[in-house]
file input.txt (compact mmCIF, C-alpha atoms and all ligand atoms)
# COMPACT_ATOMS: atom_id res chain seq x y z
CA MET A 9 -79.98 97.01 27.94
CA SER A 10 -76.68 97.64 26.22
CA TYR A 11 -73.59 96.14 27.78
CA ILE A 12 -71.44 98.89 26.23
CA ALA A 13 -70.11 101.27 28.88
CA SER A 14 -71.81 104.65 29.10
CA ARG A 15 -68.48 106.40 28.53
CA LEU A 16 -68.82 105.37 24.87
CA SER A 17 -72.20 107.05 24.44
CA ALA A 18 -70.82 110.43 23.38
CA VAL A 19 -67.86 109.13 21.39
CA LYS A 20 -67.97 109.03 17.59
CA PRO A 21 -65.89 106.74 15.38
CA SER A 22 -63.12 108.48 13.43
CA ALA A 23 -64.79 110.56 10.69
CA SER A 24 -61.87 110.27 8.29
CA MET A 25 -61.84 106.49 8.66
CA ALA A 26 -65.63 106.47 8.16
CA ALA A 27 -65.28 108.52 4.94
CA SER A 28 -62.72 106.06 3.65
CA GLN A 29 -64.94 103.12 4.52
CA ALA A 30 -67.88 104.71 2.66
CA ALA A 31 -65.61 105.11 -0.37
CA LYS A 32 -64.51 101.48 -0.11
CA ALA A 33 -68.13 100.31 0.12
CA LEU A 34 -68.99 102.18 -3.09
CA ARG A 35 -65.92 100.79 -4.80
CA ALA A 36 -66.95 97.28 -3.79
CA LYS A 37 -70.20 97.94 -5.73
CA GLY A 38 -68.14 98.81 -8.80
CA VAL A 39 -68.37 102.63 -8.46
CA ASP A 40 -65.17 104.44 -9.42
CA VAL A 41 -64.58 106.61 -6.33
CA ILE A 42 -61.51 108.74 -5.57
CA ASP A 43 -60.78 108.47 -1.87
CA LEU A 44 -59.44 111.72 -0.44
CA GLY A 45 -60.69 110.87 3.05
CA LEU A 46 -57.76 109.46 5.02
CA GLY A 47 -54.56 111.41 5.53
CA GLU A 48 -51.55 109.26 4.92
CA PRO A 49 -48.57 109.75 2.63
CA ASP A 50 -48.83 107.66 -0.52
CA PHE A 51 -45.03 107.17 -0.69
CA PRO A 52 -43.38 103.92 0.34
CA THR A 53 -41.38 103.98 3.58
CA PRO A 54 -37.75 104.79 2.62
CA SER A 55 -35.85 101.57 1.94
CA HIS A 56 -33.07 102.12 4.52
CA ILE A 57 -35.76 102.17 7.23
CA ILE A 58 -37.28 98.91 6.00
CA GLU A 59 -33.79 97.44 5.85
CA ALA A 60 -33.14 98.45 9.48
CA ALA A 61 -36.33 96.66 10.53
CA HIS A 62 -35.23 93.58 8.65
CA VAL A 63 -31.80 93.60 10.29
CA ALA A 64 -33.34 94.11 13.76
CA ALA A 65 -35.75 91.21 13.29
CA LYS A 66 -32.97 88.92 12.10
CA ALA A 67 -30.70 89.98 14.96
CA GLY A 68 -33.31 88.85 17.47
CA GLN A 69 -34.78 92.21 18.46
CA THR A 70 -38.10 90.44 18.73
CA LEU A 71 -38.84 90.64 22.45
CA TYR A 72 -40.87 93.00 24.61
CA THR A 73 -39.05 96.25 25.28
CA GLY A 74 -39.27 98.69 28.18
CA ALA A 75 -42.70 100.35 28.35
CA ALA A 76 -41.37 103.81 27.47
CA GLY A 77 -39.39 102.44 24.52
CA THR A 78 -35.89 101.03 23.99
CA ALA A 79 -32.93 103.09 25.20
CA GLU A 80 -31.87 103.43 21.53
CA VAL A 81 -35.15 104.85 20.30
CA ARG A 82 -35.47 107.25 23.25
CA GLU A 83 -31.87 108.43 22.60
CA ALA A 84 -32.73 108.90 18.92
CA VAL A 85 -35.81 110.93 19.82
CA ALA A 86 -33.85 113.08 22.29
CA GLY A 87 -31.24 113.61 19.53
CA LYS A 88 -33.96 114.62 17.07
CA PHE A 89 -35.39 117.17 19.50
CA ARG A 90 -31.91 118.64 20.05
CA ARG A 91 -30.92 118.72 16.39
CA GLU A 92 -34.17 119.78 14.75
CA ASN A 93 -36.00 121.72 17.44
CA GLY A 94 -33.29 123.09 19.73
CA LEU A 95 -34.89 121.31 22.69
CA ASP A 96 -32.74 119.88 25.44
CA TYR A 97 -34.40 116.62 26.50
CA THR A 98 -32.67 113.43 27.61
CA ALA A 99 -33.79 109.86 26.83
CA ASP A 100 -35.37 109.78 30.31
CA ASP A 101 -37.75 112.59 29.34
CA VAL A 102 -38.99 110.67 26.30
CA VAL A 103 -41.80 108.15 25.93
CA VAL A 104 -42.67 106.16 22.81
CA ALA A 105 -46.13 104.75 22.00
CA ASN A 106 -48.13 103.12 19.21
CA GLY A 107 -48.54 106.31 17.23
CA ALA A 108 -48.97 109.92 18.30
CA LYS A 109 -52.59 109.00 18.84
CA GLN A 110 -51.71 106.64 21.67
CA ILE A 111 -49.31 109.22 23.10
CA ILE A 112 -52.20 111.70 23.29
CA PHE A 113 -54.56 109.10 24.71
CA ASN A 114 -52.05 108.13 27.40
CA ALA A 115 -51.37 111.77 28.30
CA LEU A 116 -55.07 112.44 28.75
CA MET A 117 -55.64 109.25 30.67
CA ALA A 118 -52.78 110.17 32.98
CA THR A 119 -54.16 113.61 33.77
CA LEU A 120 -57.90 114.12 33.18
CA GLU A 121 -60.30 114.06 36.11
CA SER A 122 -64.01 113.99 35.38
CA GLY A 123 -65.14 117.42 34.15
CA ASP A 124 -61.65 118.74 33.41
CA GLU A 125 -61.62 120.89 30.31
CA ALA A 126 -59.41 120.69 27.24
CA ILE A 127 -59.30 123.72 24.96
CA LEU A 128 -59.38 122.73 21.29
CA PRO A 129 -58.92 125.39 18.61
CA ALA A 130 -61.11 124.39 15.64
CA PRO A 131 -60.72 123.02 13.11
CA TYR A 132 -59.04 120.30 15.19
CA PHE A 133 -57.78 116.77 14.53
CA VAL A 134 -60.90 114.59 14.76
CA SER A 135 -59.60 112.37 17.55
CA TYR A 136 -58.88 115.12 20.10
CA PRO A 137 -62.44 115.76 21.36
CA GLU A 138 -63.39 112.09 21.21
CA MET A 139 -60.40 111.09 23.34
CA VAL A 140 -61.14 113.88 25.81
CA LYS A 141 -64.76 112.71 26.14
CA LEU A 142 -63.79 109.05 26.37
CA LEU A 143 -61.61 109.90 29.36
CA GLY A 144 -64.27 111.92 31.17
CA GLY A 145 -63.12 115.38 30.14
CA THR A 146 -64.99 118.21 28.44
CA PRO A 147 -63.81 119.59 25.11
CA VAL A 148 -63.98 123.39 24.96
CA VAL A 149 -63.95 124.39 21.31
CA ILE A 150 -62.69 127.78 20.11
CA GLU A 151 -63.24 128.92 16.54
CA PRO A 152 -60.36 131.17 15.44
CA GLU A 153 -61.65 131.29 11.87
CA THR A 154 -60.96 134.95 11.24
CA SER A 155 -57.34 134.81 12.43
CA GLY A 156 -56.21 132.35 9.78
CA PHE A 157 -57.35 129.38 11.93
CA ARG A 158 -54.75 130.44 14.53
CA LEU A 159 -55.66 130.69 18.18
CA THR A 160 -55.24 134.26 19.46
CA PRO A 161 -54.24 135.28 23.01
CA GLU A 162 -57.62 137.00 23.45
CA LEU A 163 -59.62 133.90 22.53
CA LEU A 164 -57.39 131.75 24.72
CA GLU A 165 -57.77 134.06 27.74
CA LYS A 166 -61.56 133.97 27.35
CA ALA A 167 -61.68 130.17 27.14
CA ILE A 168 -59.57 129.40 30.22
CA THR A 169 -61.45 128.49 33.40
CA PRO A 170 -60.30 127.03 36.74
CA ARG A 171 -61.17 123.60 35.25
CA THR A 172 -58.93 123.99 32.20
CA LYS A 173 -56.42 121.13 32.25
CA TRP A 174 -55.09 121.19 28.69
CA LEU A 175 -54.60 123.45 25.73
CA PHE A 176 -54.13 121.56 22.47
CA LEU A 177 -52.04 123.11 19.72
CA ASN A 178 -51.38 121.43 16.39
CA MET A 179 -48.97 122.97 13.90
CA PRO A 180 -49.04 122.74 11.00
CA GLY A 181 -52.69 121.99 11.66
CA ASN A 182 -54.77 119.13 10.44
CA PRO A 183 -57.00 120.06 8.64
CA SER A 184 -56.22 123.79 8.16
CA GLY A 185 -52.46 123.64 7.50
CA ALA A 186 -52.02 126.75 9.67
CA ILE A 187 -48.76 127.25 11.54
CA TYR A 188 -47.72 129.56 14.37
CA SER A 189 -44.71 131.87 14.35
CA GLN A 190 -42.40 132.28 17.31
CA SER A 191 -44.13 135.53 18.27
CA ASP A 192 -47.61 133.95 17.96
CA LEU A 193 -46.49 131.25 20.36
CA ARG A 194 -44.86 133.67 22.77
CA ALA A 195 -48.10 135.65 22.92
CA LEU A 196 -50.03 132.49 23.79
CA GLY A 197 -47.31 131.60 26.31
CA ALA A 198 -47.81 134.98 28.05
CA VAL A 199 -51.48 134.10 28.62
CA LEU A 200 -50.63 130.62 29.83
CA ALA A 201 -48.08 132.02 32.28
CA ARG A 202 -51.02 133.56 34.18
CA HIS A 203 -52.81 130.19 34.44
CA PRO A 204 -50.49 127.66 36.05
CA GLN A 205 -53.13 124.91 36.04
CA VAL A 206 -53.03 124.61 32.23
CA LEU A 207 -50.89 121.96 30.53
CA VAL A 208 -49.97 122.36 26.85
CA LEU A 209 -50.04 119.56 24.32
CA SER A 210 -48.21 120.64 21.19
CA ASP A 211 -48.86 118.17 18.38
CA GLU A 212 -46.03 118.76 15.91
CA ILE A 213 -46.46 115.66 13.77
CA TYR A 214 -46.53 117.61 10.47
CA GLU A 215 -43.47 119.75 11.29
CA HIS A 216 -41.54 118.67 8.19
CA ILE A 217 -44.38 119.36 5.80
CA LEU A 218 -44.08 123.14 5.59
CA PHE A 219 -44.42 125.28 2.48
CA ASP A 220 -43.09 128.48 0.90
CA GLY A 221 -39.75 128.23 2.73
CA ARG A 222 -41.31 128.55 6.18
CA ASP A 223 -39.31 127.48 9.22
CA PHE A 224 -40.79 125.42 12.00
CA VAL A 225 -40.70 126.64 15.60
CA SER A 226 -41.61 124.11 18.28
CA PHE A 227 -43.81 125.36 21.10
CA GLY A 228 -41.11 124.11 23.48
CA LYS A 229 -38.50 126.33 21.85
CA ALA A 230 -40.76 129.41 21.80
CA CYS A 231 -41.91 129.05 25.43
CA PRO A 232 -39.12 127.37 27.44
CA GLU A 233 -40.52 128.88 30.64
CA LEU A 234 -43.52 126.52 30.29
CA ARG A 235 -41.38 123.40 29.95
CA ASP A 236 -42.68 121.88 33.19
CA ARG A 237 -46.19 121.75 31.77
CA THR A 238 -45.59 121.17 28.07
CA LEU A 239 -45.81 117.87 26.24
CA ILE A 240 -44.25 117.91 22.76
CA VAL A 241 -45.93 115.24 20.63
CA ASN A 242 -44.55 113.91 17.38
CA GLY A 243 -44.06 110.67 15.46
CA VAL A 244 -42.72 109.06 12.32
CA SER A 245 -46.07 108.49 10.54
CA LYS A 246 -46.22 111.60 8.41
CA SER A 247 -42.57 112.67 7.99
CA TYR A 248 -41.25 109.24 6.99
CA ALA A 249 -44.33 107.71 5.34
CA MET A 250 -44.63 105.25 8.23
CA THR A 251 -48.31 105.40 9.22
CA GLY A 252 -48.65 101.63 9.47
CA TRP A 253 -45.57 101.17 11.67
CA ARG A 254 -47.39 102.86 14.52
CA VAL A 255 -44.68 104.80 16.31
CA GLY A 256 -45.28 108.12 18.02
CA TYR A 257 -43.27 109.81 20.73
CA ALA A 258 -43.28 112.69 23.16
CA ALA A 259 -41.03 114.58 25.53
CA GLY A 260 -42.28 116.33 28.62
CA PRO A 261 -42.08 116.68 32.38
CA ALA A 262 -40.99 113.49 34.15
CA PRO A 263 -44.12 112.99 36.31
CA LEU A 264 -46.24 113.02 33.15
CA THR A 265 -44.07 110.83 30.93
CA ARG A 266 -43.59 108.37 33.81
CA ALA A 267 -47.37 108.13 34.28
CA MET A 268 -47.81 107.62 30.55
CA ALA A 269 -45.29 104.78 30.61
CA ILE A 270 -47.14 103.12 33.50
CA ILE A 271 -50.38 103.22 31.49
CA GLN A 272 -48.57 101.75 28.55
CA SER A 273 -46.97 99.00 30.62
CA GLN A 274 -50.42 97.89 31.74
CA SER A 275 -52.22 98.30 28.42
CA CYS A 276 -49.91 97.22 25.62
CA THR A 277 -46.53 96.50 27.30
CA SER A 278 -44.49 98.24 24.60
CA VAL A 279 -44.39 99.37 21.00
CA CYS A 280 -43.39 96.70 18.45
CA SER A 281 -39.63 96.17 18.94
CA ILE A 282 -38.97 96.05 15.19
CA ALA A 283 -40.88 99.27 14.54
CA GLN A 284 -38.78 100.93 17.26
CA ALA A 285 -35.58 99.82 15.50
CA ALA A 286 -36.97 101.22 12.23
CA THR A 287 -37.68 104.51 14.02
CA VAL A 288 -34.05 104.77 15.13
CA ALA A 289 -33.02 104.43 11.47
CA ALA A 290 -35.63 106.99 10.41
CA LEU A 291 -34.54 109.61 12.93
CA ASN A 292 -30.77 109.04 12.72
CA GLY A 293 -30.47 108.13 9.04
CA PRO A 294 -30.42 110.22 5.84
CA GLN A 295 -33.20 112.81 5.65
CA ASP A 296 -33.30 113.39 1.90
CA GLU A 297 -36.55 111.48 1.42
CA VAL A 298 -38.23 113.74 3.98
CA ALA A 299 -37.23 116.73 1.84
CA ARG A 300 -38.45 115.00 -1.32
CA PHE A 301 -41.83 114.23 0.27
CA ARG A 302 -42.15 117.86 1.38
CA GLN A 303 -41.48 119.12 -2.14
CA ALA A 304 -44.06 116.76 -3.61
CA PHE A 305 -46.64 117.87 -1.02
CA GLU A 306 -45.97 121.51 -1.86
CA ALA A 307 -46.50 120.90 -5.59
CA ARG A 308 -49.77 119.13 -4.79
CA ARG A 309 -50.83 121.96 -2.50
CA ASP A 310 -50.26 124.39 -5.37
CA LEU A 311 -52.24 122.23 -7.78
CA VAL A 312 -55.17 121.91 -5.39
CA VAL A 313 -55.24 125.60 -4.41
CA ASP A 314 -55.23 126.59 -8.05
CA GLY A 315 -57.93 124.06 -8.99
CA ILE A 316 -60.27 124.80 -6.11
CA ARG A 317 -59.99 128.55 -6.59
CA ARG A 318 -61.37 128.14 -10.11
CA ILE A 319 -64.52 126.50 -8.77
CA ASN A 320 -67.34 128.93 -8.29
CA GLY A 321 -68.79 128.48 -4.81
CA LEU A 322 -65.74 127.05 -3.03
CA THR A 323 -63.03 128.89 -1.09
CA LEU A 324 -59.57 127.86 0.03
CA SER A 325 -56.75 129.88 1.53
CA PRO A 326 -53.40 128.25 0.73
CA PRO A 327 -52.45 125.81 3.49
CA GLU A 328 -49.06 126.66 5.02
CA GLY A 329 -48.22 123.03 5.74
CA ALA A 330 -49.48 119.44 6.19
CA PHE A 331 -51.28 117.63 3.36
CA TYR A 332 -54.90 118.70 3.48
CA ALA A 333 -57.14 121.31 1.91
CA TYR A 334 -59.91 122.62 4.15
CA ILE A 335 -62.36 123.92 1.61
CA GLY A 336 -65.08 126.44 2.45
CA CYS A 337 -68.49 125.61 0.99
CA ALA A 338 -70.74 128.25 2.61
CA SER A 339 -72.25 129.30 -0.71
CA LEU A 340 -73.52 125.74 -1.40
CA ILE A 341 -75.50 125.51 1.84
CA GLY A 342 -79.27 125.72 1.33
CA ARG A 343 -79.01 124.99 -2.39
CA ARG A 344 -80.40 121.95 -4.25
CA THR A 345 -78.68 119.04 -5.98
CA PRO A 346 -80.00 117.83 -9.37
CA LYS A 347 -81.92 115.15 -7.45
CA GLY A 348 -83.66 117.85 -5.42
CA VAL A 349 -81.77 117.23 -2.15
CA VAL A 350 -81.19 120.42 -0.15
CA LEU A 351 -77.58 120.75 1.01
CA GLU A 352 -78.43 121.55 4.61
CA ASP A 353 -74.87 121.40 5.95
CA ASP A 354 -71.33 120.32 5.11
CA THR A 355 -72.17 116.67 5.85
CA ALA A 356 -74.76 116.87 3.05
CA VAL A 357 -72.13 118.49 0.81
CA ALA A 358 -69.61 115.69 1.50
CA ASN A 359 -72.33 113.06 0.89
CA TYR A 360 -73.27 114.75 -2.38
CA LEU A 361 -69.63 114.87 -3.50
CA LEU A 362 -69.28 111.19 -2.67
CA ASN A 363 -72.47 109.89 -4.24
CA GLU A 364 -72.71 112.17 -7.27
CA GLY A 365 -69.15 113.48 -7.65
CA ARG A 366 -67.48 110.18 -6.73
CA VAL A 367 -64.93 111.90 -4.48
CA ALA A 368 -64.67 110.97 -0.79
CA SER A 369 -63.97 113.89 1.56
CA VAL A 370 -64.64 114.55 5.25
CA PRO A 371 -67.24 117.14 6.35
CA GLY A 372 -66.07 120.10 8.42
CA ALA A 373 -68.51 119.10 11.18
CA ALA A 374 -65.98 116.40 12.12
CA TYR A 375 -63.35 119.10 12.77
CA GLY A 376 -65.60 121.40 14.75
CA LEU A 377 -65.80 124.18 12.16
CA SER A 378 -68.45 124.40 9.43
CA PRO A 379 -69.28 124.72 6.60
CA TYR A 380 -66.13 123.18 5.14
CA PHE A 381 -64.99 119.83 3.81
CA ARG A 382 -61.50 118.40 3.94
CA ILE A 383 -59.68 116.60 1.19
CA SER A 384 -56.34 114.90 1.71
CA THR A 385 -53.72 115.98 -0.81
CA ALA A 386 -51.47 113.02 -0.01
CA THR A 387 -52.08 111.44 -3.36
CA GLY A 388 -50.63 111.69 -6.87
CA GLU A 389 -51.12 114.79 -9.05
CA GLU A 390 -53.06 112.92 -11.72
CA VAL A 391 -55.58 111.65 -9.18
CA LEU A 392 -55.88 115.10 -7.60
CA THR A 393 -56.48 116.69 -11.00
CA GLU A 394 -59.25 114.20 -11.74
CA ALA A 395 -60.75 114.71 -8.26
CA ILE A 396 -60.85 118.49 -8.74
CA ALA A 397 -62.54 118.03 -12.13
CA ARG A 398 -65.16 115.82 -10.49
CA ILE A 399 -65.74 118.27 -7.63
CA ASN A 400 -66.06 121.08 -10.17
CA ALA A 401 -68.62 119.15 -12.22
CA ALA A 402 -70.64 118.25 -9.12
CA VAL A 403 -70.61 121.81 -7.73
CA ALA A 404 -71.63 123.22 -11.13
CA GLN A 405 -74.82 121.15 -11.02
CA VAL A 406 -76.00 122.53 -7.69
CA GLU A 407 -78.92 124.89 -8.28
C1 LIG A 501 -52.73 116.14 14.03
C2 LIG A 501 -52.50 114.69 14.10
N1 LIG A 501 -51.98 114.15 15.22
C3 LIG A 501 -51.78 112.84 15.33
C4 LIG A 501 -52.09 111.97 14.29
C5 LIG A 501 -51.87 110.50 14.47
O1 LIG A 501 -50.59 110.14 14.15
P1 LIG A 501 -50.08 108.66 14.43
O2 LIG A 501 -50.14 107.94 13.11
O3 LIG A 501 -48.67 108.84 14.90
O4 LIG A 501 -50.96 108.04 15.46
C6 LIG A 501 -52.64 112.48 13.11
C7 LIG A 501 -53.01 111.56 12.02
O5 LIG A 501 -53.80 111.83 11.14
C8 LIG A 501 -52.84 113.87 13.01
O6 LIG A 501 -53.37 114.40 11.91
call {"tool": "encode", "arguments": {"input": "input.txt", "output": "structure tokens"}}
result
Amino acid sequence: MSYIASRLSAVKPSASMAASQAAKALRAKGVDVIDLGLGEPDFPTPSHIIEAAHVAAKAGQTLYTGAAGTAEVREAVAGKFRRENGLDYTADDVVVANGAKQIIFNALMATLESGDEAILPAPYFVSYPEMVKLLGGTPVVIEPETSGFRLTPELLEKAITPRTKWLFLNMPGNPSGAIYSQSDLRALGAVLARHPQVLVLSDEIYEHILFDGRDFVSFGKACPELRDRTLIVNGVSKSYAMTGWRVGYAAGPAPLTRAMAIIQSQSCTSVCSIAQAATVAALNGPQDEVARFRQAFEARRDLVVDGIRRINGLTLSPPEGAFYAYIGCASLIGRRTPKGVVLEDDTAVANYLLNEGRVASVPGAAYGLSPYFRISTATGEEVLTEAIARINAAVAQVE
């Protein structure tokens, strides 16, 4: 009999991490694989942020901090929300955790009762449904494929039940890159206004990676009337190339953020004190690197859209933000590889691209919407160009 708790039985390991591990295993055997599995900026963390961490460590900021974060970091987050999003939160409304992932986990742990439902528009970030299941909830997946991967008020209305506890929004979306306009959000808000039991988790971690001159509108700004049941989630991982520092943050109603801080106090005490000091420097310091990263991501998006569109059998509508391409592969399904393997689904396509094309990607099944595969575009243009050439060669051989 297994000693692993039954709550783990339905939970999968992270698919993007698994894709990266498969690529690493092939590399260890001497195979030259391009890993486009994991989504993290390939830029170094800006030097003034590293310097701030250094200074903090030397100045003795090496002790536990308050569970919700230091006063300085919570002030910096409140300042960021005011300055960049037009949201009026104080430091007391803010909680900091080890990444946006832990913020989301804590929020769900603080609120989900067994059987509560969380509405997830697909394609969704791989961790959302797994966290919901781990904490006893039920993911309710909606597929807004024909509306540009954007949830519509009609689909939302249909999905809400008396057991709905959360609606997850993620903009720009991982993996689709889709964003919502102010009027899109207001239309969703009008539906939510009729269902007071529903909380909203707006994951805005890619807000600075927006293309074609688009402006970002936070859900909190678009729907201030829902403030008492909205959690705005963000973090420094993607905007400041700080994935390994593990700092995420959120602002929301006091009962929720207080409960999240209690969970944190009992599970990990606090976020690394030095990483919190670095976050203050990231949020309050110069923002020119953020703009430079955004520009580089846009150039890569253009390169990938152009390259993939030239490949017969694949489809891609230009992502509006974030650093992924969610590539449609419907026309490959049911066809045969040169080795005679039938590509039954997008998992088979991703396996084929890895083993024969030597490019690691993540199958759409992991994001709840098939048949697609996701590549991360957070890598240099030369590598992306080579990866597209490999994908092209592999797809051309499918009969
Ligand atoms: C939509 C989304 N939310 C949250 C995260 C996790 O961010 P963090 O590094 O802050 O835990 C990711 C990372 O891939 C993501 O894509």
call {"tool": "residues_around", "arguments": {"input": "input.txt", "residues": "segment 21-24 of chain A", "least_positions_apart": "2", "cutoff": "6 Å", "atoms": "only C-alpha atoms", "output": "MDAnalysis selection string"}}
result
chainID A and resid 26:27 45:46 370
call {"tool": "closest_atom_pairs", "arguments": {"input": "input.txt", "of": "segment 88-107 of chain A", "to": "segment 192-215 of chain A", "cutoff": "12 Å", "atoms": "all atoms listed in the file", "output": "tab-separated table"}}
result
residue	atom	partner	partner_atom	distance
A:Phe89	CA	A:Glu212	CA	11.3
A:Glu92	CA	A:Glu215	CA	9.9
A:Asn93	CA	A:Glu215	CA	9.9
A:Gly107	CA	A:Ile213	CA	10.2
call {"tool": "closest_residue", "arguments": {"input": "input.txt", "among": "A:Arg302, A:Arg82, A:Arg254, A:Lys20", "to": "Cys280 of chain A", "atoms": "all atoms listed in the file"}}
result
A:Arg254
call {"tool": "closest_residue", "arguments": {"input": "input.txt", "among": "A:Ser281, A:Tyr132, A:Pro54, A:Ala30", "to": "Asp296 of chain A", "atoms": "only C-alpha atoms"}}
result
A:Pro54
call {"tool": "closest_residue", "arguments": {"input": "input.txt", "among": "A:Ala269, A:Ala307, A:Leu324, A:Ile335", "to": "Ala105 of chain A", "atoms": "only C-alpha atoms"}}
result
A:Ala269
call {"tool": "closest_residue", "arguments": {"input": "input.txt", "among": "A:Lys109, A:His216, A:Lys66, A:Lys141", "to": "ligand LIG 501 (chain A)", "atoms": "all atoms listed in the file"}}
result
A:Lys109
call {"tool": "closest_atom_pairs", "arguments": {"input": "input.txt", "of": "chain A", "to": "ligand LIG 501 (chain A)", "cutoff": "9 Å", "atoms": "only C-alpha atoms and all ligand atoms", "output": "JSON lines"}}
result
{"residue": "A:Ser24", "atom": "CA", "partner": "A:LIG501", "partner_atom": "O5", "distance": 8.7}
{"residue": "A:Leu46", "atom": "CA", "partner": "A:LIG501", "partner_atom": "O5", "distance": 7.7}
{"residue": "A:Gly47", "atom": "CA", "partner": "A:LIG501", "partner_atom": "O5", "distance": 5.7}
{"residue": "A:Glu48", "atom": "CA", "partner": "A:LIG501", "partner_atom": "O5", "distance": 7.1}
{"residue": "A:Ala105", "atom": "CA", "partner": "A:LIG501", "partner_atom": "O3", "distance": 8.6}
{"residue": "A:Asn106", "atom": "CA", "partner": "A:LIG501", "partner_atom": "O4", "distance": 6.8}
{"residue": "A:Gly107", "atom": "CA", "partner": "A:LIG501", "partner_atom": "O3", "distance": 3.4}
{"residue": "A:Ala108", "atom": "CA", "partner": "A:LIG501", "partner_atom": "O3", "distance": 3.6}
{"residue": "A:Lys109", "atom": "CA", "partner": "A:LIG501", "partner_atom": "O4", "distance": 3.9}
{"residue": "A:Gln110", "atom": "CA", "partner": "A:LIG501", "partner_atom": "O4", "distance": 6.4}
{"residue": "A:Ile111", "atom": "CA", "partner": "A:LIG501", "partner_atom": "O4", "distance": 7.9}
{"residue": "A:Ile112", "atom": "CA", "partner": "A:LIG501", "partner_atom": "C3", "distance": 8.1}
{"residue": "A:Tyr132", "atom": "CA", "partner": "A:LIG501", "partner_atom": "C1", "distance": 7.6}
{"residue": "A:Phe133", "atom": "CA", "partner": "A:LIG501", "partner_atom": "C1", "distance": 5.1}
{"residue": "A:Val134", "atom": "CA", "partner": "A:LIG501", "partner_atom": "O6", "distance": 8.1}
{"residue": "A:Ser135", "atom": "CA", "partner": "A:LIG501", "partner_atom": "C3", "distance": 8.1}
{"residue": "A:Tyr136", "atom": "CA", "partner": "A:LIG501", "partner_atom": "N1", "distance": 8.5}
{"residue": "A:Asn178", "atom": "CA", "partner": "A:LIG501", "partner_atom": "C1", "distance": 5.9}
{"residue": "A:Met179", "atom": "CA", "partner": "A:LIG501", "partner_atom": "C1", "distance": 7.8}
{"residue": "A:Pro180", "atom": "CA", "partner": "A:LIG501", "partner_atom": "C1", "distance": 8.1}
{"residue": "A:Gly181", "atom": "CA", "partner": "A:LIG501", "partner_atom": "C1", "distance": 6.3}
{"residue": "A:Asn182", "atom": "CA", "partner": "A:LIG501", "partner_atom": "C1", "distance": 5.1}
{"residue": "A:Pro183", "atom": "CA", "partner": "A:LIG501", "partner_atom": "O6", "distance": 7.5}
{"residue": "A:Asp211", "atom": "CA", "partner": "A:LIG501", "partner_atom": "N1", "distance": 6.0}
{"residue": "A:Glu212", "atom": "CA", "partner": "A:LIG501", "partner_atom": "C1", "distance": 7.4}
{"residue": "A:Ile213", "atom": "CA", "partner": "A:LIG501", "partner_atom": "N1", "distance": 5.9}
{"residue": "A:Tyr214", "atom": "CA", "partner": "A:LIG501", "partner_atom": "C1", "distance": 7.3}
{"residue": "A:Val241", "atom": "CA", "partner": "A:LIG501", "partner_atom": "N1", "distance": 8.2}
{"residue": "A:Asn242", "atom": "CA", "partner": "A:LIG501", "partner_atom": "O3", "distance": 7.0}
{"residue": "A:Gly243", "atom": "CA", "partner": "A:LIG501", "partner_atom": "O3", "distance": 5.0}
{"residue": "A:Val244", "atom": "CA", "partner": "A:LIG501", "partner_atom": "O3", "distance": 6.5}
{"residue": "A:Ser245", "atom": "CA", "partner": "A:LIG501", "partner_atom": "O2", "distance": 4.8}
{"residue": "A:Lys246", "atom": "CA", "partner": "A:LIG501", "partner_atom": "O2", "distance": 7.1}
{"residue": "A:Met250", "atom": "CA", "partner": "A:LIG501", "partner_atom": "O2", "distance": 7.8}
{"residue": "A:Thr251", "atom": "CA", "partner": "A:LIG501", "partner_atom": "O2", "distance": 5.0}
{"residue": "A:Gly252", "atom": "CA", "partner": "A:LIG501", "partner_atom": "O2", "distance": 7.4}
{"residue": "A:Trp253", "atom": "CA", "partner": "A:LIG501", "partner_atom": "O2", "distance": 8.3}
{"residue": "A:Arg254", "atom": "CA", "partner": "A:LIG501", "partner_atom": "O2", "distance": 5.9}
{"residue": "A:Val255", "atom": "CA", "partner": "A:LIG501", "partner_atom": "O3", "distance": 5.9}
{"residue": "A:Gly256", "atom": "CA", "partner": "A:LIG501", "partner_atom": "O3", "distance": 4.7}
{"residue": "A:Tyr257", "atom": "CA", "partner": "A:LIG501", "partner_atom": "O3", "distance": 8.0}
{"residue": "A:Ala330", "atom": "CA", "partner": "A:LIG501", "partner_atom": "O6", "distance": 8.6}
call {"tool": "atom_distance", "arguments": {"input": "input.txt", "atom1": "atom CA of Ala64 of chain A", "atom2": "atom CA of Glu80 of chain A"}}
result
12.2 Å
call {"tool": "closest_residue", "arguments": {"input": "input.txt", "among": "A:Gly145, A:Gly38, A:Pro346, A:Pro161", "to": "Pro129 of chain A", "atoms": "all atoms listed in the file"}}
result
A:Pro161
call {"tool": "residues_around", "arguments": {"input": "input.txt", "residues": "Asp124 of chain A", "least_positions_apart": "4", "cutoff": "9 Å", "atoms": "all atoms listed in the file", "output": "number ranges by chain"}}
result
A: 120, 144-147, 171-174
call {"tool": "residues_around", "arguments": {"input": "input.txt", "residues": "Arg90 of chain A", "least_positions_apart": "4", "cutoff": "12 Å", "atoms": "only C-alpha atoms", "output": "short mmCIF file (atom, residue, chain, number, x, y, z; two decimals) with C-alpha atoms, in the coordinates of the input"}}
result
data_model
loop_
_atom_site.label_atom_id
_atom_site.label_comp_id
_atom_site.auth_asym_id
_atom_site.auth_seq_id
_atom_site.Cartn_x
_atom_site.Cartn_y
_atom_site.Cartn_z
CA GLU A 83 -31.87 108.43 22.60
CA ALA A 84 -32.73 108.90 18.92
CA VAL A 85 -35.81 110.93 19.82
CA ALA A 86 -33.85 113.08 22.29
CA GLY A 94 -33.29 123.09 19.73
CA LEU A 95 -34.89 121.31 22.69
CA ASP A 96 -32.74 119.88 25.44
CA TYR A 97 -34.40 116.62 26.50
CA THR A 98 -32.67 113.43 27.61
CA ALA A 99 -33.79 109.86 26.83
CA SER A 226 -41.61 124.11 18.28
CA GLY A 228 -41.11 124.11 23.48
CA LYS A 229 -38.50 126.33 21.85
CA ALA A 259 -41.03 114.58 25.53
CA LEU A 291 -34.54 109.61 12.93
#
